[in-house]
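K.L.:
Coordinates in input03.cif, mmCIF, C-alpha atoms, are listed below.
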data_run
loop_
_atom_site.label_atom_id
_atom_site.label_comp_id
_atom_site.auth_asym_id
_atom_site.auth_seq_id
_atom_site.Cartn_x
_atom_site.Cartn_y
_atom_site.Cartn_z
CA MET R 1 42.59 19.68 28.63
CA ALA R 2 43.58 16.64 30.66
CA SER R 3 42.20 14.14 28.12
CA SER R 4 44.27 13.00 25.15
CA PRO R 5 43.02 13.77 21.61
CA ALA R 6 42.06 10.09 21.10
CA SER R 7 39.87 9.83 24.22
CA ALA R 8 38.27 13.20 23.44
CA ARG R 9 37.31 11.94 19.99
CA VAL R 10 35.42 8.92 21.25
CA PRO R 11 32.80 10.85 23.27
CA GLN R 12 32.44 13.25 20.34
CA GLU R 13 31.76 10.34 17.96
CA GLU R 14 29.27 8.90 20.42
CA ARG R 15 27.51 12.25 20.77
CA THR R 16 27.32 12.55 16.98
CA ARG R 17 25.92 9.03 16.65
CA ALA R 18 23.33 9.69 19.36
CA MET R 19 22.33 12.96 17.71
CA ARG R 20 21.91 11.31 14.32
CA ALA R 21 19.79 8.58 15.90
CA ARG R 22 17.59 11.21 17.61
CA LEU R 23 17.11 13.02 14.29
CA LEU R 24 16.25 9.83 12.44
CA GLU R 25 13.81 8.65 15.08
CA ALA R 26 12.11 12.06 15.25
CA THR R 27 11.77 11.91 11.45
CA VAL R 28 10.07 8.52 11.56
CA ASP R 29 7.71 9.75 14.30
CA CYS R 30 6.82 12.77 12.15
CA LEU R 31 6.20 10.58 9.09
CA VAL R 32 3.94 8.27 11.08
CA GLU R 33 1.99 11.07 12.78
CA ARG R 34 1.84 13.74 10.08
CA GLY R 35 2.69 12.03 6.83
CA PHE R 36 5.35 12.99 4.30
CA ALA R 37 3.73 16.33 3.43
CA GLY R 38 3.44 17.27 7.11
CA THR R 39 7.08 16.43 7.86
CA SER R 40 9.51 19.36 7.74
CA THR R 41 13.16 19.61 8.66
CA THR R 42 12.30 22.39 11.14
CA LEU R 43 9.78 20.21 12.92
CA VAL R 44 12.23 17.31 13.07
CA SER R 45 15.06 19.40 14.53
CA GLU R 46 12.67 20.73 17.20
CA ARG R 47 11.45 17.27 18.13
CA ALA R 48 14.96 15.87 18.23
CA GLY R 49 16.31 18.82 20.23
CA VAL R 50 19.06 19.33 17.65
CA SER R 51 20.12 22.71 16.26
CA ARG R 52 19.19 23.53 12.68
CA GLY R 53 22.87 23.97 11.83
CA ALA R 54 23.84 20.55 13.12
CA GLN R 55 20.90 18.94 11.40
CA LEU R 56 21.67 20.54 8.05
CA HIS R 57 25.30 19.48 8.39
CA HIS R 58 24.27 15.82 8.65
CA PHE R 59 21.19 15.86 6.40
CA PRO R 60 21.22 18.79 3.97
CA THR R 61 17.73 18.13 2.54
CA LYS R 62 14.37 16.76 3.62
CA ASN R 63 14.77 13.91 1.13
CA ALA R 64 18.18 12.95 2.57
CA LEU R 65 16.65 12.97 6.05
CA VAL R 66 13.59 10.85 5.29
CA VAL R 67 15.47 8.27 3.24
CA ALA R 68 18.09 7.91 5.99
CA ALA R 69 15.31 7.70 8.60
CA VAL R 70 13.44 4.92 6.86
CA GLU R 71 16.71 3.10 6.23
CA HIS R 72 17.67 3.42 9.90
CA LEU R 73 14.33 2.15 11.11
CA THR R 74 14.25 -0.65 8.58
CA GLU R 75 17.60 -1.88 9.86
CA LYS R 76 16.46 -1.65 13.45
CA ARG R 77 13.21 -3.48 12.70
CA GLY R 78 15.04 -6.02 10.54
CA ALA R 79 17.18 -6.86 13.57
CA GLU R 80 14.02 -7.11 15.73
CA LEU R 81 12.43 -9.37 13.11
CA ALA R 82 15.47 -11.65 13.10
CA GLU R 83 15.42 -11.70 16.90
CA ALA R 84 11.70 -12.56 17.08
CA ALA R 85 12.34 -15.25 14.50
CA ALA R 86 15.05 -16.82 16.65
CA THR R 87 12.54 -17.65 19.41
CA LEU R 88 9.85 -19.20 17.22
CA PRO R 89 8.41 -22.59 18.19
CA ILE R 90 9.48 -25.71 16.30
CA GLY R 91 6.76 -28.11 15.17
CA PRO R 92 3.33 -27.87 13.54
CA SER R 93 2.70 -24.29 14.68
CA HIS R 94 5.99 -23.04 13.25
CA THR R 95 4.65 -21.85 9.88
CA ARG R 96 1.80 -19.97 11.54
CA ALA R 97 4.22 -18.36 13.99
CA VAL R 98 6.45 -17.20 11.12
CA LEU R 99 3.42 -15.66 9.40
CA GLN R 100 2.49 -13.89 12.63
CA VAL R 101 5.93 -12.33 12.90
CA LEU R 102 5.78 -11.18 9.28
CA GLY R 103 2.19 -9.93 9.60
CA ASP R 104 3.05 -7.95 12.75
CA HIS R 105 6.09 -6.50 11.00
CA PHE R 106 4.01 -5.16 8.13
CA ALA R 107 1.32 -3.85 10.51
CA SER R 108 3.80 -1.80 12.56
CA PRO R 109 4.33 1.98 12.46
CA VAL R 110 7.55 1.34 10.51
CA PHE R 111 5.44 0.12 7.64
CA ALA R 112 3.34 3.30 7.81
CA ALA R 113 6.52 5.42 7.71
CA ALA R 114 7.89 3.40 4.78
CA LEU R 115 4.53 3.73 3.01
CA GLU R 116 4.66 7.52 3.34
CA LEU R 117 8.09 7.53 1.76
CA TRP R 118 7.07 5.08 -0.94
CA ASN R 119 3.96 7.03 -1.79
CA ALA R 120 5.84 10.35 -1.96
CA ALA R 121 8.50 8.73 -4.18
CA ARG R 122 5.86 7.73 -6.70
CA THR R 123 5.46 11.36 -7.79
CA ASP R 124 8.97 12.66 -6.94
CA PRO R 125 11.71 11.35 -9.29
CA ALA R 126 14.59 12.57 -7.09
CA LEU R 127 13.15 10.81 -4.05
CA LEU R 128 12.41 7.70 -6.10
CA ALA R 129 16.07 7.52 -7.16
CA ALA R 130 17.03 7.29 -3.49
CA VAL R 131 14.15 5.06 -2.37
CA ALA R 132 14.27 2.43 -5.13
CA PRO R 133 17.69 0.96 -4.19
CA LEU R 134 16.72 0.95 -0.49
CA GLU R 135 13.48 -0.88 -1.29
CA GLN R 136 15.34 -3.45 -3.40
CA ARG R 137 17.83 -4.10 -0.63
CA VAL R 138 15.11 -4.35 2.03
CA GLY R 139 13.03 -6.58 -0.23
CA ARG R 140 15.91 -8.99 -0.84
CA GLU R 141 16.76 -9.11 2.86
CA THR R 142 13.14 -9.79 3.92
CA HIS R 143 12.85 -12.47 1.25
CA ARG R 144 16.07 -14.16 2.41
CA LEU R 145 14.91 -14.11 6.04
CA THR R 146 11.49 -15.54 5.12
CA VAL R 147 13.07 -18.40 3.15
CA GLU R 148 15.28 -19.15 6.13
CA LEU R 149 12.42 -18.95 8.66
CA LEU R 150 10.11 -21.17 6.65
CA GLY R 151 12.98 -23.57 5.86
CA ILE R 152 12.07 -23.54 2.17
CA ASP R 153 14.18 -25.03 -0.61
CA GLU R 154 13.95 -22.41 -3.35
CA SER R 155 15.48 -24.72 -5.96
CA VAL R 156 12.14 -26.59 -6.05
CA PRO R 157 10.05 -25.03 -8.86
CA GLY R 158 7.24 -22.84 -7.57
CA ASN R 159 8.66 -22.38 -4.07
CA ARG R 160 10.22 -18.98 -4.77
CA GLU R 161 6.86 -17.68 -6.00
CA LEU R 162 5.15 -18.95 -2.84
CA VAL R 163 7.59 -16.97 -0.71
CA GLN R 164 7.01 -13.88 -2.86
CA ALA R 165 3.24 -14.37 -2.65
CA THR R 166 3.51 -14.64 1.14
CA LEU R 167 5.37 -11.33 1.30
CA ASP R 168 2.97 -9.59 -1.09
CA LEU R 169 0.09 -10.94 0.99
CA VAL R 170 1.48 -9.48 4.23
CA ARG R 171 2.22 -6.22 2.40
CA GLY R 172 -1.42 -6.08 1.29
CA LEU R 173 -2.55 -6.86 4.83
CA GLY R 174 -0.25 -4.10 6.10
CA LEU R 175 -1.87 -1.64 3.75
CA ALA R 176 -5.36 -2.67 4.85
CA ASN R 177 -4.26 -2.11 8.43
CA THR R 178 -3.15 1.50 7.91
CA ILE R 179 -6.66 2.92 8.08
CA GLY R 180 -8.08 0.73 10.81
CA ASN R 181 -7.10 -2.09 13.14
CA ASP R 182 -7.41 -5.18 11.03
CA ALA R 183 -5.77 -7.69 13.40
CA ARG R 184 -8.68 -10.16 13.71
CA ARG R 185 -9.30 -10.47 9.99
CA ARG R 186 -5.54 -10.72 9.42
CA GLY R 187 -5.30 -13.52 11.98
CA ARG R 188 -7.92 -15.64 10.19
CA ILE R 189 -6.32 -15.08 6.79
CA LEU R 190 -2.89 -16.04 8.12
CA ASP R 191 -4.37 -19.19 9.74
CA ARG R 192 -5.66 -20.24 6.34
CA TRP R 193 -2.46 -19.30 4.52
CA ALA R 194 -0.39 -21.35 6.99
CA GLU R 195 -2.51 -24.42 6.14
CA VAL R 196 -1.90 -23.82 2.44
CA LEU R 197 1.85 -23.32 2.84
CA GLU R 198 2.22 -26.49 4.89
CA ARG R 199 0.42 -28.46 2.21
CA GLU R 200 2.34 -26.87 -0.66
CA ILE R 201 5.75 -27.08 1.01
CA PRO R 202 5.85 -30.24 3.09
CA MET G 203 -38.03 30.89 -25.43
CA ALA G 204 -39.61 28.27 -27.70
CA SER G 205 -38.64 25.39 -25.42
CA SER G 206 -40.80 24.37 -22.49
CA PRO G 207 -39.32 24.52 -18.94
CA ALA G 208 -39.06 20.70 -18.87
CA SER G 209 -37.00 20.39 -22.09
CA ALA G 210 -34.77 23.28 -21.02
CA ARG G 211 -34.00 21.49 -17.76
CA VAL G 212 -32.74 18.33 -19.43
CA PRO G 213 -29.78 19.93 -21.25
CA GLN G 214 -28.94 21.85 -18.07
CA GLU G 215 -28.86 18.63 -16.07
CA GLU G 216 -26.71 17.02 -18.73
CA ARG G 217 -24.31 19.96 -18.71
CA THR G 218 -24.07 19.77 -14.93
CA ARG G 219 -23.40 16.03 -15.05
CA ALA G 220 -20.71 16.48 -17.71
CA MET G 221 -19.10 19.27 -15.69
CA ARG G 222 -19.03 17.16 -12.54
CA ALA G 223 -17.49 14.27 -14.49
CA ARG G 224 -14.78 16.60 -15.89
CA LEU G 225 -13.98 17.85 -12.40
CA LEU G 226 -13.79 14.34 -10.96
CA GLU G 227 -11.60 13.02 -13.77
CA ALA G 228 -9.26 16.02 -13.54
CA THR G 229 -8.98 15.34 -9.80
CA VAL G 230 -8.00 11.71 -10.35
CA ASP G 231 -5.41 12.77 -12.95
CA CYS G 232 -3.96 15.26 -10.46
CA LEU G 233 -3.81 12.64 -7.70
CA VAL G 234 -2.05 10.18 -9.99
CA GLU G 235 0.44 12.71 -11.37
CA ARG G 236 1.10 14.96 -8.37
CA GLY G 237 -0.11 13.06 -5.33
CA PHE G 238 -2.55 14.23 -2.68
CA ALA G 239 -0.30 17.04 -1.42
CA GLY G 240 0.22 18.35 -4.97
CA THR G 241 -3.51 18.36 -5.76
CA SER G 242 -5.30 21.68 -5.24
CA THR G 243 -8.83 22.77 -6.07
CA THR G 244 -7.41 25.61 -8.21
CA LEU G 245 -5.35 23.19 -10.29
CA VAL G 246 -8.33 20.90 -10.74
CA SER G 247 -10.68 23.67 -11.89
CA GLU G 248 -8.05 24.82 -14.41
CA ARG G 249 -7.54 21.30 -15.78
CA ALA G 250 -11.26 20.66 -15.99
CA GLY G 251 -11.98 24.06 -17.59
CA VAL G 252 -14.59 24.79 -14.92
CA SER G 253 -14.94 28.13 -13.12
CA ARG G 254 -13.89 28.29 -9.48
CA GLY G 255 -17.42 29.35 -8.52
CA ALA G 256 -19.07 26.38 -10.20
CA GLN G 257 -16.51 24.02 -8.74
CA LEU G 258 -16.97 25.32 -5.20
CA HIS G 259 -20.73 25.05 -5.62
CA HIS G 260 -20.48 21.32 -6.32
CA PHE G 261 -17.47 20.47 -4.15
CA PRO G 262 -16.93 23.03 -1.39
CA THR G 263 -13.65 21.50 -0.10
CA LYS G 264 -10.64 19.62 -1.40
CA ASN G 265 -11.63 16.62 0.73
CA ALA G 266 -15.14 16.56 -0.76
CA LEU G 267 -13.62 16.70 -4.23
CA VAL G 268 -11.05 13.94 -3.79
CA VAL G 269 -13.43 11.56 -2.04
CA ALA G 270 -16.05 12.06 -4.78
CA ALA G 271 -13.34 11.62 -7.43
CA VAL G 272 -12.07 8.33 -6.09
CA GLU G 273 -15.66 7.13 -5.62
CA HIS G 274 -16.50 8.09 -9.21
CA LEU G 275 -13.45 6.34 -10.61
CA THR G 276 -13.97 3.29 -8.45
CA GLU G 277 -17.48 2.91 -9.81
CA LYS G 278 -16.27 3.35 -13.36
CA ARG G 279 -13.47 0.83 -12.89
CA GLY G 280 -15.80 -1.53 -11.04
CA ALA G 281 -18.01 -1.56 -14.12
CA GLU G 282 -14.95 -2.18 -16.32
CA LEU G 283 -13.89 -5.00 -14.01
CA ALA G 284 -17.32 -6.62 -14.24
CA GLU G 285 -17.24 -6.22 -18.02
CA ALA G 286 -13.76 -7.76 -18.35
CA ALA G 287 -14.97 -10.58 -16.12
CA ALA G 288 -17.90 -11.30 -18.43
CA THR G 289 -15.57 -12.29 -21.29
CA LEU G 290 -13.28 -14.61 -19.31
CA PRO G 291 -12.54 -18.08 -20.70
CA ILE G 292 -14.24 -21.11 -19.19
CA GLY G 293 -12.08 -24.12 -18.36
CA PRO G 294 -8.70 -24.80 -16.77
CA SER G 295 -7.32 -21.31 -17.46
CA HIS G 296 -10.32 -19.59 -15.87
CA THR G 297 -8.81 -19.10 -12.39
CA ARG G 298 -5.61 -17.65 -13.85
CA ALA G 299 -7.65 -15.32 -16.07
CA VAL G 300 -9.63 -14.05 -13.06
CA LEU G 301 -6.37 -13.37 -11.21
CA GLN G 302 -5.05 -11.47 -14.23
CA VAL G 303 -8.13 -9.22 -14.27
CA LEU G 304 -7.77 -8.57 -10.53
CA GLY G 305 -4.00 -8.03 -10.75
CA ASP G 306 -4.41 -5.56 -13.62
CA HIS G 307 -7.12 -3.75 -11.68
CA PHE G 308 -4.84 -3.21 -8.69
CA ALA G 309 -1.92 -2.19 -10.92
CA SER G 310 -3.92 0.55 -12.69
CA PRO G 311 -3.66 4.32 -12.13
CA VAL G 312 -6.97 4.11 -10.23
CA PHE G 313 -5.20 2.15 -7.55
CA ALA G 314 -2.50 4.84 -7.36
CA ALA G 315 -5.19 7.52 -6.95
CA ALA G 316 -6.97 5.47 -4.27
CA LEU G 317 -3.64 4.91 -2.52
CA GLU G 318 -3.00 8.65 -2.38
CA LEU G 319 -6.38 9.16 -0.76
CA TRP G 320 -5.90 6.25 1.59
CA ASN G 321 -2.48 7.41 2.64
CA ALA G 322 -3.65 10.99 3.23
CA ALA G 323 -6.61 9.69 5.27
CA ARG G 324 -4.25 7.87 7.62
CA THR G 325 -3.14 11.19 9.14
CA ASP G 326 -6.31 13.27 8.51
CA PRO G 327 -9.28 12.26 10.72
CA ALA G 328 -11.83 14.30 8.72
CA LEU G 329 -10.74 12.67 5.47
CA LEU G 330 -10.67 9.24 7.11
CA ALA G 331 -14.29 9.66 8.20
CA ALA G 332 -15.24 10.09 4.54
CA VAL G 333 -12.86 7.48 3.11
CA ALA G 334 -13.53 4.62 5.52
CA PRO G 335 -17.17 3.98 4.46
CA LEU G 336 -16.17 4.23 0.78
CA GLU G 337 -13.39 1.69 1.31
CA GLN G 338 -15.74 -0.68 3.11
CA ARG G 339 -18.28 -0.48 0.32
CA VAL G 340 -15.64 -0.95 -2.39
CA GLY G 341 -14.06 -3.79 -0.43
CA ARG G 342 -17.39 -5.63 -0.08
CA GLU G 343 -18.20 -5.15 -3.76
CA THR G 344 -14.78 -6.40 -4.93
CA HIS G 345 -15.06 -9.38 -2.60
CA ARG G 346 -18.53 -10.25 -3.91
CA LEU G 347 -17.36 -9.99 -7.54
CA THR G 348 -14.29 -12.18 -6.83
CA VAL G 349 -16.44 -14.87 -5.20
CA GLU G 350 -18.73 -14.82 -8.23
CA LEU G 351 -15.86 -14.88 -10.75
CA LEU G 352 -14.06 -17.75 -9.05
CA GLY G 353 -17.34 -19.59 -8.52
CA ILE G 354 -16.48 -20.19 -4.87
CA ASP G 355 -18.87 -21.57 -2.26
CA GLU G 356 -18.17 -19.39 0.78
CA SER G 357 -20.15 -21.65 3.09
CA VAL G 358 -17.25 -24.14 2.93
CA PRO G 359 -14.94 -23.37 5.88
CA GLY G 360 -11.74 -21.66 4.82
CA ASN G 361 -12.98 -20.49 1.43
CA ARG G 362 -13.84 -16.99 2.54
CA GLU G 363 -10.32 -16.51 3.90
CA LEU G 364 -8.81 -17.68 0.60
CA VAL G 365 -10.81 -15.03 -1.27
CA GLN G 366 -9.66 -12.40 1.23
CA ALA G 367 -6.07 -13.60 0.92
CA THR G 368 -6.35 -13.34 -2.87
CA LEU G 369 -7.51 -9.73 -2.61
CA ASP G 370 -4.84 -8.83 -0.06
CA LEU G 371 -2.27 -10.44 -2.35
CA VAL G 372 -3.30 -8.36 -5.37
CA ARG G 373 -3.38 -5.28 -3.14
CA GLY G 374 0.20 -6.01 -2.06
CA LEU G 375 1.20 -6.58 -5.69
CA GLY G 376 -0.48 -3.28 -6.60
CA LEU G 377 1.57 -1.50 -3.97
CA ALA G 378 4.80 -3.07 -5.23
CA ASN G 379 3.88 -1.89 -8.71
CA THR G 380 3.50 1.78 -7.74
CA ILE G 381 7.24 2.49 -7.77
CA GLY G 382 8.20 0.39 -10.78
CA ASN G 383 6.72 -1.87 -13.41
CA ASP G 384 6.38 -5.21 -11.68
CA ALA G 385 4.30 -7.02 -14.33
CA ARG G 386 6.67 -9.96 -14.98
CA ARG G 387 7.15 -10.85 -11.32
CA ARG G 388 3.41 -10.39 -10.75
CA GLY G 389 2.64 -12.77 -13.61
CA ARG G 390 4.76 -15.57 -12.12
CA ILE G 391 3.27 -15.10 -8.65
CA LEU G 392 -0.28 -15.18 -10.03
CA ASP G 393 0.55 -18.37 -12.00
CA ARG G 394 1.54 -20.02 -8.74
CA TRP G 395 -1.44 -18.59 -6.83
CA ALA G 396 -3.82 -19.97 -9.48
CA GLU G 397 -2.35 -23.46 -8.97
CA VAL G 398 -2.88 -23.14 -5.22
CA LEU G 399 -6.46 -21.90 -5.57
CA GLU G 400 -7.37 -24.70 -7.96
CA ARG G 401 -6.01 -27.28 -5.57
CA GLU G 402 -7.64 -25.74 -2.50
CA ILE G 403 -11.00 -25.03 -4.13
CA PRO G 404 -11.69 -27.84 -6.59
#
Would you write the structure of this file as structure tokens?

P.N.:
Amino acid sequence: MASSPASARVPQEERTRAMRARLLEATVDCLVERGFAGTSTTLVSERAGVSRGAQLHHFPTKNALVVAAVEHLTEKRGAELAEAAATLPIGPSHTRAVLQVLGDHFASPVFAAALELWNAARTDPALLAAVAPLEQRVGRETHRLTVELLGIDESVPGNRELVQATLDLVRGLGLANTIGNDARRRGRILDRWAEVLEREIP
Amino acid sequence: MASSPASARVPQEERTRAMRARLLEATVDCLVERGFAGTSTTLVSERAGVSRGAQLHHFPTKNALVVAAVEHLTEKRGAELAEAAATLPIGPSHTRAVLQVLGDHFASPVFAAALELWNAARTDPALLAAVAPLEQRVGRETHRLTVELLGIDESVPGNRELVQATLDLVRGLGLANTIGNDARRRGRILDRWAEVLEREIP
């Protein structure tokens, strides 16, 4: 009663934001641990400690929840990726270090969560309609960051395709990693790919 | 009554083999169209026109059925891959032609079916125990065929990793293709990859 309407609104907005974040993070955890089929809105609200009513108010369907969750985590990880990139060494080991950051990114639980969503979208047209634009946006953003990190001039013919190949390679390595720890093999492949990139893009 | 026991057994064995093949192919179709979660043993027996009893006799669980189905299809597609490989052109376009065969292989419905199984295995330890050895065997076989097709000497340091990178690349391209037709982009990336391989492995 003592607080003004404006100051009362701020804590409420913060509480809402925190609750949404808890829901989204619980959703990603569920996707990683139980897969898309094993993820339910009931389970998520329990894990997040959020009432069913509040959850349904913010995310009326499972699809709305999982798309928002993967989007949320992608943004968070994108920021982490950019941050890791900012501390990379300059010099001959730079290319290899960039590949390590990308390889780690695609071997993280976020990739597993995104893969669950992607896989479910393949056979669910409504989910695909929501996932496809997100994937395009994420793809463009990751491409842009990779070009920047590798310091590549994309106006040179063939360079754009090398960046795309690099990202499809780490995506393939990420997939191989989902059913077993593949870090050693991945390390050797990225060593070799760094040599190639340095020769192709001096 | 006129036929001897031996000649009676042959048609029976053939009928059994044909029935198993129908079950396995119906399973793959279900995986591709409805995903792992949408695939049930009831649905498969209906599609294959096989009684529930006969189906359960051959494949007592859904996991047994899907693992056998992906194995069956992998063998069939492996044979197709080897056959396609046998007719490849000799000469400067050979590397690009090999990459096309591999890229098409990983963009086929078989890959989608395998991906469903792979993804489900990530969060199902019993399924993973069955899928992991199959994946290793398939992985080794695809690697061996790629080495042979590209005519690569793996005793040269770095060559093995380039073959692995090539297979992880086409796996990543296959994944990108699952939620949209990516053939044009894939073609340009494989053009560029062929240039790289020819320079790295003269």

K.L.:
Using all atoms listed in the file, determine which residues of chain R fall within 8 Å of chain G; present them as a VMD selection string.

P.N.:
chain R and resid 32 to 35 37 115 to 116 118 to 123 128 132 158 161 to 162 164 to 166 168 to 173 175 to 176 178 to 179 188 to 189 192 to 193 196 200

K.L.:
Edge lengths and centre in Å to one decimal, as JSON, of the axis-aligned box that encloses all listed atoms of region 124-134 of chain R with 5 Å added on every side?

P.N.:
{"center_x": 13.3, "center_y": 6.8, "center_z": -4.9, "size_x": 18.7, "size_y": 21.7, "size_z": 18.8}

K.L.:
Do you know which residues are at most 12 Å from Thr289 (chain G) counting all atoms listed in the file, after dropping those on the same chain fewer than 6 positions away, and could you put them as JSON, numbers by chain?

P.N.:
{"G": [282, 283, 296, 299, 300, 303, 351]}

K.L.:
Write out as a VMD selection string each polymer residue whose atoms come within 10 Å of Ala332 (chain G), counting only C-alpha atoms; drop sequence neighbours fewer than 5 positions from it.

P.N.:
chain G and resid 265 to 266 269 to 270 323 327 337

K.L.:
At what distance in Å, to one decimal, does CA of Val28 (chain R) lie from CA of His57 (chain R)?

P.N.:
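Separation of CA of His57 (chain R) and CA of Val28 (chain R): 19.0 Å.
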
K.L.:
Would you kindly return, as a PDB file with C-alpha atoms, in the coordinates of the input, each protein, DNA or RNA residue with an atom no farther than 7 Å from any atom of Leu352 (chain G), considering all atoms listed in the file and excluding same-chain residues fewer than 3 positions away?

P.N.:
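Output saved as selection_33.pdb:
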ATOM      1  CA  THR G 297      -8.810 -19.100 -12.390  1.00  0.00           C
ATOM      2  CA  THR G 348     -14.290 -12.180  -6.830  1.00  0.00           C
ATOM      3  CA  VAL G 349     -16.440 -14.870  -5.200  1.00  0.00           C
TER       4      VAL G 349
END
